[in-house]
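Scroll down for the structure; my scribbles are underneath it.
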Amino acid sequence: MANQYVDIETLKFLLYKVQGLQDVLDQERYADYDRESVDLLLNSVKDFSDKELFPYFKEMDEKPAHFKDGEIVVHPQVTKYMKAGGEMGLIAGSFPYENGGMQLPAMVAHSSAFIQDAANNHMPGYIGLTVGAAELITHFANEALNDTYVPNMLTGQWGGTMCLTEPQAGSSLSDIVTSATPDGDHYKIHGQKIFISGGDYQGAENIVHLVLARIKGAPAGTKGISLFVVPKNRPTDGGLESNDVTTVADFQKMGQKGYCTTHLFFGDKEDCQGWLVGEANQGLKYMFLMMNGARIGVGRGAAAIATAAYQASLNYANERPQGRQLQSSGKKDANQEQTLIINHPDVRRMLLLQKAVSEGSLSLILLTAKYHDLSIASADADEREKYRLLLEIMTPVVKTYPSEMGKIAVDNGVQVLGGYGFCSDYILQQYLRDIRIFAIYEGTTGIQSQDLLGRKVTMDNGKALQLLSEEIQSSIKAAMAHESLAPYAKKLGGKLALTQEVLQSLMGFAMKGDYQRFLADATPFMEFFSNIVMAWLWLDIAREAQNALVTGSTENSTDFYESKIHTMEFYFKYELPKTTGLAEILMDKQALTLNTDKKVFA
Amino acid sequence: MKILVCISNVPDTTSKINFTDGDTKFDTNGVQFVINPNDEFGLTRAMWFKEKQGATVHVANVGGPTTEPTIRKALAIGADEAIRVNAEPTDGFFVAQQLAEVVKNGGYDLVIAGRESIDYNGGMVPGILATLLDMNFVNTCISLEVDGNNATAMREIDGGKEKISTSLPLVIGGQKGLVEESDLRIPNMRGIMMARKKALNVIEPVDAAKATQDAKFEKPAAKGAVKLVDNVDDLINLLHNEAKAI
């Protein structure tokens with residue numbers, strides 16, 4: 001098993017140089033941080049991940065979380081991780097000072113989590129969900145709930161979950177039936193939730209579930225859903241007592257086997273108490289206000305797995321001799337020693353694809369995190385609004401591109417290893433199984449694509465799209481200043497024009513009120529749109545590398561900078577042209593999938 | 001008890017090593033620097049004295065401004081204060097003379113230095129430092145207890161260990177054994193933020209002689225390909241005729 005799972009040099013180059021962390025650190029909110037402290041933090045997280053996460057990655061797959069005697073048994077390292085996570089500040093890090101946090105910029109928090117995800121993606125979810133649940137409480141719950149739950153969650157003593165899905169209500173949350181009945185200062189909760197990640201484990205002495213439920217008599221649909229704090233054990237004056245939350249079963253999965261996924265029942269003995277968060281019937285709104293961060297987190301996890309898989313397959317390609325290179329005669333010399341497989345062009349193509357997807361995805365995550373930071377920390381209200389809109393339009397992209405293209409990248413990593421890639425002695429197959437869930441978590445690719453085309457592209461009369469277009473135009477203009485990058489900048493400009501054409505064509509259906517047709521090809525549109533966004537990000541990476549070469553920067557080696565420019569060239573040659581075909585699909589007036597009769601599948 | 005831990009700023013062992021200027025200088029481009037591991041064992045032991053016996057822990061480094069992230073890490077781990085002698089650490093004799101001046105001015109009871117740094121492996125600094133200061137000295141120290149003014153140390157010797165009773169002020173050349181690798185501390189976020197606010201005093205070097213000059217660096221010869229042999233006779237033949245080891 002290769003021990004290199006992340007490229008810290010590239011992470012720091014993207015964080016500091018390409019996406020400009022300093023713009024965020026210049027904001028008053030983050031004045032306590034500088035590059036030296038961020039460097040120290042990232043190095044610490046890498047040391048921690050080397051020691052506490054990566055060594056257990058394979059083992060957690062081989063010894064999955066499982067249901068036994070009414071509870072979920074997880075790998076013992078989860079307990080250590082929660083405790084160490086609390087002590088290290090990995091849970092409290094991004095919370096404001098007034099909540100006992102360290103007010104860490106999202107760019108840094110995501111960089112830290114990226115390292116952990118790459119080391120062992122089965123583990124960070126336990127902390128990630130605790131952070132998400134605590135954030136919901138700090139943002140929307142009253143002081144009493146904050147005081148009762150948040151301090152213990154931030155130290156890792158108590159875990160947290162998000163309980164949305166029910167057997168009959170997955171993507172369609174309006175069909176939730178879990179009920180909440182007023183009972184004094186609290187509510188009686190009754191119902192069941194499935195697919196609850198981190199729903200039960202020994203690593204924490206209590207688990208605080210944030211549960212979507214319907215108060216008796218509430219309006220139908222999403223407008224009648226409320227949010228409740230429902231602990232596994234309720235705090236009383238005499239300590240913790242059972243709150244009638246039962247673990248019914250676990251789900252055995254193809255990947256992320258160490259990260260438990262549970263089926264919970266609330267109120268089997270009619271003794272499950274929940275406390276309302278904020279106002280009644282606002283639950284889904286609260287949940288979705290926090291969803292941007294969660295969706296960046298999903299994209300980050302996928303990007304991290306793609307990164308780790310790239311490192312593992314690169315390591316193999318650099319060590320495995322196989323076959324011989326073609327001579328100028330067009331033949332191979334059987335007397336020659338075998339060459340390393342990295343010398344075969346097709347292997348290089350697969351490695352370059354992995355590099356382009358994994359590093360490009362990381363840049364995308366850092367950029368979106370930057371939008372998040374500036375949307376809350378910019379001194380100017382107009383700036384905050386600008387970055388809020390940019391965050392909105394980028395959120396479905398940051399969730400989807402790393403998840404969808406990441407799994408293709410990892411698949412190429414398996415292919416680099418040939419038959420060994422399919423064998424459990426090598427780690428690539430685990431990465432391939434682990435990454436598959438990311439296109440499903442937190443809203444499937446289909447849902448994200450409809451969000452992008454149906455809401456985000458059109459929001460505020462297209463204002464978010466216009467702002468994004470201006471950002472891309474600005475990058476194009478800057479890249480034009482470098483003679484070697486100008487052809488790529490022009491090509492990207494052409495793709496922006498193509499985007500307008502595609503949108504004009506699709507908007508025609510919306511203008512006529514044919515929304516089904518408008519959204520029928522939302523997923524190919526996501527593929528088209530995110531491909532162009534990635535070309536933009538690669539152009540920015542190449543520009544920063546070119547600047548470093550021109551100015552003679554010694555922060556990284558010349559090889560390092562040239563590798564970034566080369567990967568950009570690969571992206572523009574092998575990936576960006578795919579948008580031409582996608583545009584043809586999107587502008588085709590025929591509504592093939594919409595008009596496909598069920599009998600076609602007979 | 002006032003403790004000074006001497007910190008060397010050394011390349012991470014995973015760094016790729018290259019030389020420049022006709023192989024007369026080490027190329028630091030793209031190299032990650034860390035606290036010298038032997039010093040880190042000493043720092044961790046010093047933290048134990050701080051937490052259990054109320055000691056104060058100071059760290060000192062001889063180096064340019066680029067060593068400050070390494071010093072800050074020591075502060076983030078829990079050291080109270082740091083001193084950087086603003087000079088290139090040209091050789092062990094020069095470094096020891098600078099550190100001796102720091103010790104003279106600081107009134108330390110215990111000085112912990114790593115027995116050697118993992119970059120140049122000179123192994124000179126703690127011994128020269130003790131000599132310059134005329135302080136008690138225990139090298140290759142693998143355990144240390146302090147009770148009032150008395151110290152009990154264990155040092156590694158050929159074929160075993162030696163227990164030494166001595167007294168403060170004391171210089172030790174520490175190594176693994178003072179604490180174990182699993183005891184080493186990773187700075188947490190609060191420690192990192194507090195480190196920014198702790199004093200890192202920069203002082204100018206004293207005039208000091210440099211006893212050595214680097215003529216040229218070279219990397220060890222690359223390892224040859226592995227040969228698989230089928231039987232003991234072939235192995236003996238290879239060891240005798242090719243490797244000339246027997």
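Residue numbers start at 1 in each chain; chains themselves are named A, B, ... in the order of the structure tokens; ligands are numbered from 1 in the order shown.
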- Find the residues near segment 23-25 of chain B: any atom within 6 Å, counting only C-alpha atoms, skip ones fewer than 4 places away on the same chain, and give them as a ChimeraX atom specification. /B:19,216-217
- Item | Every residue of segment 106-138 of chain B that DSSP places in alpha helix (DSSP H), as number ranges by chain | B: 106, 125-133
Keeping only all heavy atoms, write those residues as a PDB file, in the first residue's frame.
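What follows is the written file selection.pdb:
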```
ATOM      1  N   GLY B 106      20.869  33.592  30.082  1.00  0.00           N
ATOM      2  CA  GLY B 106      19.501  33.192  30.468  1.00  0.00           C
ATOM      3  C   GLY B 106      19.402  32.522  31.815  1.00  0.00           C
ATOM      4  O   GLY B 106      18.299  32.401  32.362  1.00  0.00           O
ATOM      5  N   VAL B 125      27.430  19.602  19.036  1.00  0.00           N
ATOM      6  CA  VAL B 125      26.936  20.782  19.760  1.00  0.00           C
ATOM      7  C   VAL B 125      26.798  20.568  21.270  1.00  0.00           C
ATOM      8  O   VAL B 125      27.337  21.359  22.050  1.00  0.00           O
ATOM      9  CB  VAL B 125      25.610  21.293  19.139  1.00  0.00           C
ATOM     10  CG1 VAL B 125      24.976  22.378  20.004  1.00  0.00           C
ATOM     11  CG2 VAL B 125      25.884  21.822  17.744  1.00  0.00           C
ATOM     12  N   PRO B 126      26.112  19.502  21.753  1.00  0.00           N
ATOM     13  CA  PRO B 126      25.923  19.412  23.206  1.00  0.00           C
ATOM     14  C   PRO B 126      27.249  19.319  23.974  1.00  0.00           C
ATOM     15  O   PRO B 126      27.399  19.951  25.029  1.00  0.00           O
ATOM     16  CB  PRO B 126      25.077  18.147  23.393  1.00  0.00           C
ATOM     17  CG  PRO B 126      24.837  17.558  22.067  1.00  0.00           C
ATOM     18  CD  PRO B 126      25.434  18.427  21.018  1.00  0.00           C
ATOM     19  N   GLY B 127      28.190  18.554  23.434  1.00  0.00           N
ATOM     20  CA  GLY B 127      29.484  18.390  24.125  1.00  0.00           C
ATOM     21  C   GLY B 127      30.263  19.689  24.174  1.00  0.00           C
ATOM     22  O   GLY B 127      30.796  20.069  25.233  1.00  0.00           O
ATOM     23  N   ILE B 128      30.350  20.367  23.046  1.00  0.00           N
ATOM     24  CA  ILE B 128      31.095  21.643  23.027  1.00  0.00           C
ATOM     25  C   ILE B 128      30.415  22.669  23.941  1.00  0.00           C
ATOM     26  O   ILE B 128      31.065  23.397  24.688  1.00  0.00           O
ATOM     27  CB  ILE B 128      31.212  22.195  21.594  1.00  0.00           C
ATOM     28  CG1 ILE B 128      31.970  21.214  20.693  1.00  0.00           C
ATOM     29  CG2 ILE B 128      31.890  23.562  21.579  1.00  0.00           C
ATOM     30  CD1 ILE B 128      31.995  21.609  19.221  1.00  0.00           C
ATOM     31  N   LEU B 129      29.090  22.659  23.893  1.00  0.00           N
ATOM     32  CA  LEU B 129      28.299  23.600  24.702  1.00  0.00           C
ATOM     33  C   LEU B 129      28.601  23.392  26.194  1.00  0.00           C
ATOM     34  O   LEU B 129      28.868  24.361  26.931  1.00  0.00           O
ATOM     35  CB  LEU B 129      26.812  23.362  24.409  1.00  0.00           C
ATOM     36  CG  LEU B 129      25.780  24.272  25.037  1.00  0.00           C
ATOM     37  CD1 LEU B 129      26.031  25.727  24.669  1.00  0.00           C
ATOM     38  CD2 LEU B 129      24.368  23.865  24.584  1.00  0.00           C
ATOM     39  N   ALA B 130      28.581  22.131  26.653  1.00  0.00           N
ATOM     40  CA  ALA B 130      28.858  21.840  28.073  1.00  0.00           C
ATOM     41  C   ALA B 130      30.272  22.272  28.439  1.00  0.00           C
ATOM     42  O   ALA B 130      30.517  22.812  29.526  1.00  0.00           O
ATOM     43  CB  ALA B 130      28.656  20.352  28.336  1.00  0.00           C
ATOM     44  N   THR B 131      31.188  22.043  27.503  1.00  0.00           N
ATOM     45  CA  THR B 131      32.583  22.425  27.770  1.00  0.00           C
ATOM     46  C   THR B 131      32.715  23.933  27.884  1.00  0.00           C
ATOM     47  O   THR B 131      33.357  24.449  28.814  1.00  0.00           O
ATOM     48  CB  THR B 131      33.488  21.889  26.637  1.00  0.00           C
ATOM     49  OG1 THR B 131      33.267  20.487  26.511  1.00  0.00           O
ATOM     50  CG2 THR B 131      34.957  22.144  26.939  1.00  0.00           C
ATOM     51  N   LEU B 132      32.129  24.639  26.944  1.00  0.00           N
ATOM     52  CA  LEU B 132      32.211  26.101  26.974  1.00  0.00           C
ATOM     53  C   LEU B 132      31.595  26.678  28.250  1.00  0.00           C
ATOM     54  O   LEU B 132      32.043  27.688  28.779  1.00  0.00           O
ATOM     55  CB  LEU B 132      31.508  26.709  25.752  1.00  0.00           C
ATOM     56  CG  LEU B 132      32.168  26.468  24.391  1.00  0.00           C
ATOM     57  CD1 LEU B 132      31.250  26.931  23.265  1.00  0.00           C
ATOM     58  CD2 LEU B 132      33.510  27.192  24.310  1.00  0.00           C
ATOM     59  N   LEU B 133      30.549  26.006  28.731  1.00  0.00           N
ATOM     60  CA  LEU B 133      29.825  26.512  29.904  1.00  0.00           C
ATOM     61  C   LEU B 133      30.354  25.921  31.209  1.00  0.00           C
ATOM     62  O   LEU B 133      29.927  26.318  32.288  1.00  0.00           O
ATOM     63  CB  LEU B 133      28.334  26.175  29.770  1.00  0.00           C
ATOM     64  CG  LEU B 133      27.600  26.877  28.628  1.00  0.00           C
ATOM     65  CD1 LEU B 133      26.262  26.203  28.372  1.00  0.00           C
ATOM     66  CD2 LEU B 133      27.392  28.350  28.951  1.00  0.00           C
TER      67      LEU B 133
END
```
- Query: What lies within 8 Å of segment 137-141 of chain B using only C-alpha atoms, ignoring chain neighbours under 6 positions off, as a list in words?
  - Reply: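 Close residues of segment 137-141 of chain B: Arg115, Pro126, Gly127, Ala130, Ala153, Met154, Arg155, Glu156, Ile157, Leu170, Val171, Ile172, Gly173, Gly174, Gln175, Gly177 and Leu178 of chain B.
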Could you write those residues out with C-alpha atoms, as an mmCIF file, in the first residue's frame?
```cif
data_model
loop_
_atom_site.group_PDB
_atom_site.id
_atom_site.type_symbol
_atom_site.label_atom_id
_atom_site.label_comp_id
_atom_site.auth_asym_id
_atom_site.auth_seq_id
_atom_site.Cartn_x
_atom_site.Cartn_y
_atom_site.Cartn_z
ATOM 1 C CA ARG B 115 22.667 14.358 20.502
ATOM 2 C CA PRO B 126 25.923 19.412 23.206
ATOM 3 C CA GLY B 127 29.484 18.390 24.125
ATOM 4 C CA ALA B 130 28.858 21.840 28.073
ATOM 5 C CA ALA B 153 20.091 10.199 33.786
ATOM 6 C CA MET B 154 20.433 7.042 31.789
ATOM 7 C CA ARG B 155 22.704 7.051 28.779
ATOM 8 C CA GLU B 156 23.170 4.569 25.993
ATOM 9 C CA ILE B 157 26.627 2.990 25.819
ATOM 10 C CA LEU B 170 23.294 20.215 33.354
ATOM 11 C CA VAL B 171 23.580 19.842 29.579
ATOM 12 C CA ILE B 172 22.237 16.692 27.983
ATOM 13 C CA GLY B 173 22.535 15.329 24.443
ATOM 14 C CA GLY B 174 19.142 13.711 24.154
ATOM 15 C CA GLN B 175 17.675 11.093 21.851
ATOM 16 C CA GLY B 177 14.190 7.104 24.902
ATOM 17 C CA LEU B 178 13.833 10.434 26.683
#
```
- Query: Got a sec: who's within 12 Å of Gln213 of chain B, counting only C-alpha atoms, leaving out chain neighbours fewer than 6 positions off, as a list in words?
  - Reply: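 Here the qualifying residues turn out to be Thr24, Lys25, Thr90, Asp91, Gly92, Phe93 and Phe94 of chain B.
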Selection from above, N, CA, C and O atoms, as a PDB file, in the first residue's frame, can you write it?
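After the write, part.pdb holds the following:
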```
ATOM      1  N   THR B  24      28.394  22.599  -3.749  1.00  0.00           N
ATOM      2  CA  THR B  24      28.956  23.140  -2.502  1.00  0.00           C
ATOM      3  C   THR B  24      27.871  23.657  -1.561  1.00  0.00           C
ATOM      4  O   THR B  24      28.151  24.003  -0.421  1.00  0.00           O
ATOM      5  N   LYS B  25      26.619  23.719  -2.083  1.00  0.00           N
ATOM      6  CA  LYS B  25      25.534  24.203  -1.219  1.00  0.00           C
ATOM      7  C   LYS B  25      24.333  23.281  -1.313  1.00  0.00           C
ATOM      8  O   LYS B  25      24.060  22.708  -2.377  1.00  0.00           O
ATOM      9  N   THR B  90      26.657  27.677  10.533  1.00  0.00           N
ATOM     10  CA  THR B  90      27.666  27.177   9.592  1.00  0.00           C
ATOM     11  C   THR B  90      28.331  25.878  10.014  1.00  0.00           C
ATOM     12  O   THR B  90      28.634  25.046   9.182  1.00  0.00           O
ATOM     13  N   ASP B  91      28.607  25.701  11.300  1.00  0.00           N
ATOM     14  CA  ASP B  91      29.061  24.378  11.767  1.00  0.00           C
ATOM     15  C   ASP B  91      28.784  24.243  13.265  1.00  0.00           C
ATOM     16  O   ASP B  91      28.338  25.192  13.926  1.00  0.00           O
ATOM     17  N   GLY B  92      29.011  23.040  13.785  1.00  0.00           N
ATOM     18  CA  GLY B  92      28.661  22.745  15.166  1.00  0.00           C
ATOM     19  C   GLY B  92      29.379  23.636  16.168  1.00  0.00           C
ATOM     20  O   GLY B  92      28.801  24.041  17.182  1.00  0.00           O
ATOM     21  N   PHE B  93      30.629  23.946  15.899  1.00  0.00           N
ATOM     22  CA  PHE B  93      31.405  24.780  16.817  1.00  0.00           C
ATOM     23  C   PHE B  93      30.802  26.183  16.890  1.00  0.00           C
ATOM     24  O   PHE B  93      30.628  26.750  17.981  1.00  0.00           O
ATOM     25  N   PHE B  94      30.466  26.716  15.726  1.00  0.00           N
ATOM     26  CA  PHE B  94      29.844  28.047  15.672  1.00  0.00           C
ATOM     27  C   PHE B  94      28.505  28.051  16.426  1.00  0.00           C
ATOM     28  O   PHE B  94      28.237  28.938  17.244  1.00  0.00           O
TER      29      PHE B  94
END
```
Within 7 Å of chain B, which residues of chain A come that close, and what is the closest atom pair and distance in Å for each? Count only C-alpha atoms and give it as a Markdown table.
```
| residue | atom | partner | partner_atom | distance |
| --- | --- | --- | --- | --- |
| A:Glu36 | CA | B:Pro69 | CA | 6.3 |
| A:Ser37 | CA | B:Ile192 | CA | 6.3 |
| A:Leu40 | CA | B:Lys73 | CA | 6.8 |
| A:Leu41 | CA | B:Met189 | CA | 6.7 |
| A:Ser44 | CA | B:Ile186 | CA | 5.8 |
| A:Phe48 | CA | B:Ile186 | CA | 6.8 |
| A:Glu87 | CA | B:Asn188 | CA | 6.9 |
| A:Met88 | CA | B:Asn188 | CA | 4.3 |
| A:Gly89 | CA | B:Met189 | CA | 5.4 |
| A:Thr554 | CA | B:Asn29 | CA | 6.0 |
| A:Glu555 | CA | B:Gly30 | CA | 6.1 |
| A:Asn556 | CA | B:Gly30 | CA | 5.1 |
| A:Ser557 | CA | B:Gly30 | CA | 6.3 |
```
- Please provide as a ChimeraX atom specification all residues within 8 Å of segment 198-207 of chain B, with the sequence filter that same-chain residues fewer than 3 positions apart are discarded (counting only C-alpha atoms). /B:75,80-87,98,101,194-195
Keeping only C-alpha atoms, take the residues you just selected and write them out as a PDB file, in the first residue's frame.
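This went into again33.pdb:
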```
ATOM      1  CA  LEU B  75       5.889  27.242  20.818  1.00  0.00           C
ATOM      2  CA  ASP B  80       6.846  29.424  26.758  1.00  0.00           C
ATOM      3  CA  GLU B  81       9.298  31.598  24.901  1.00  0.00           C
ATOM      4  CA  ALA B  82      11.805  31.375  22.047  1.00  0.00           C
ATOM      5  CA  ILE B  83      15.106  32.908  21.041  1.00  0.00           C
ATOM      6  CA  ARG B  84      16.478  32.938  17.516  1.00  0.00           C
ATOM      7  CA  VAL B  85      20.140  33.797  17.067  1.00  0.00           C
ATOM      8  CA  ASN B  86      20.084  35.511  13.716  1.00  0.00           C
ATOM      9  CA  ALA B  87      22.935  33.704  11.932  1.00  0.00           C
ATOM     10  CA  GLN B  98      26.129  31.041  19.994  1.00  0.00           C
ATOM     11  CA  GLU B 101      26.063  32.898  24.984  1.00  0.00           C
ATOM     12  CA  MET B 194      -1.377  30.969  21.129  1.00  0.00           C
ATOM     13  CA  ALA B 195       2.051  30.469  19.557  1.00  0.00           C
TER      14      ALA B 195
END
```
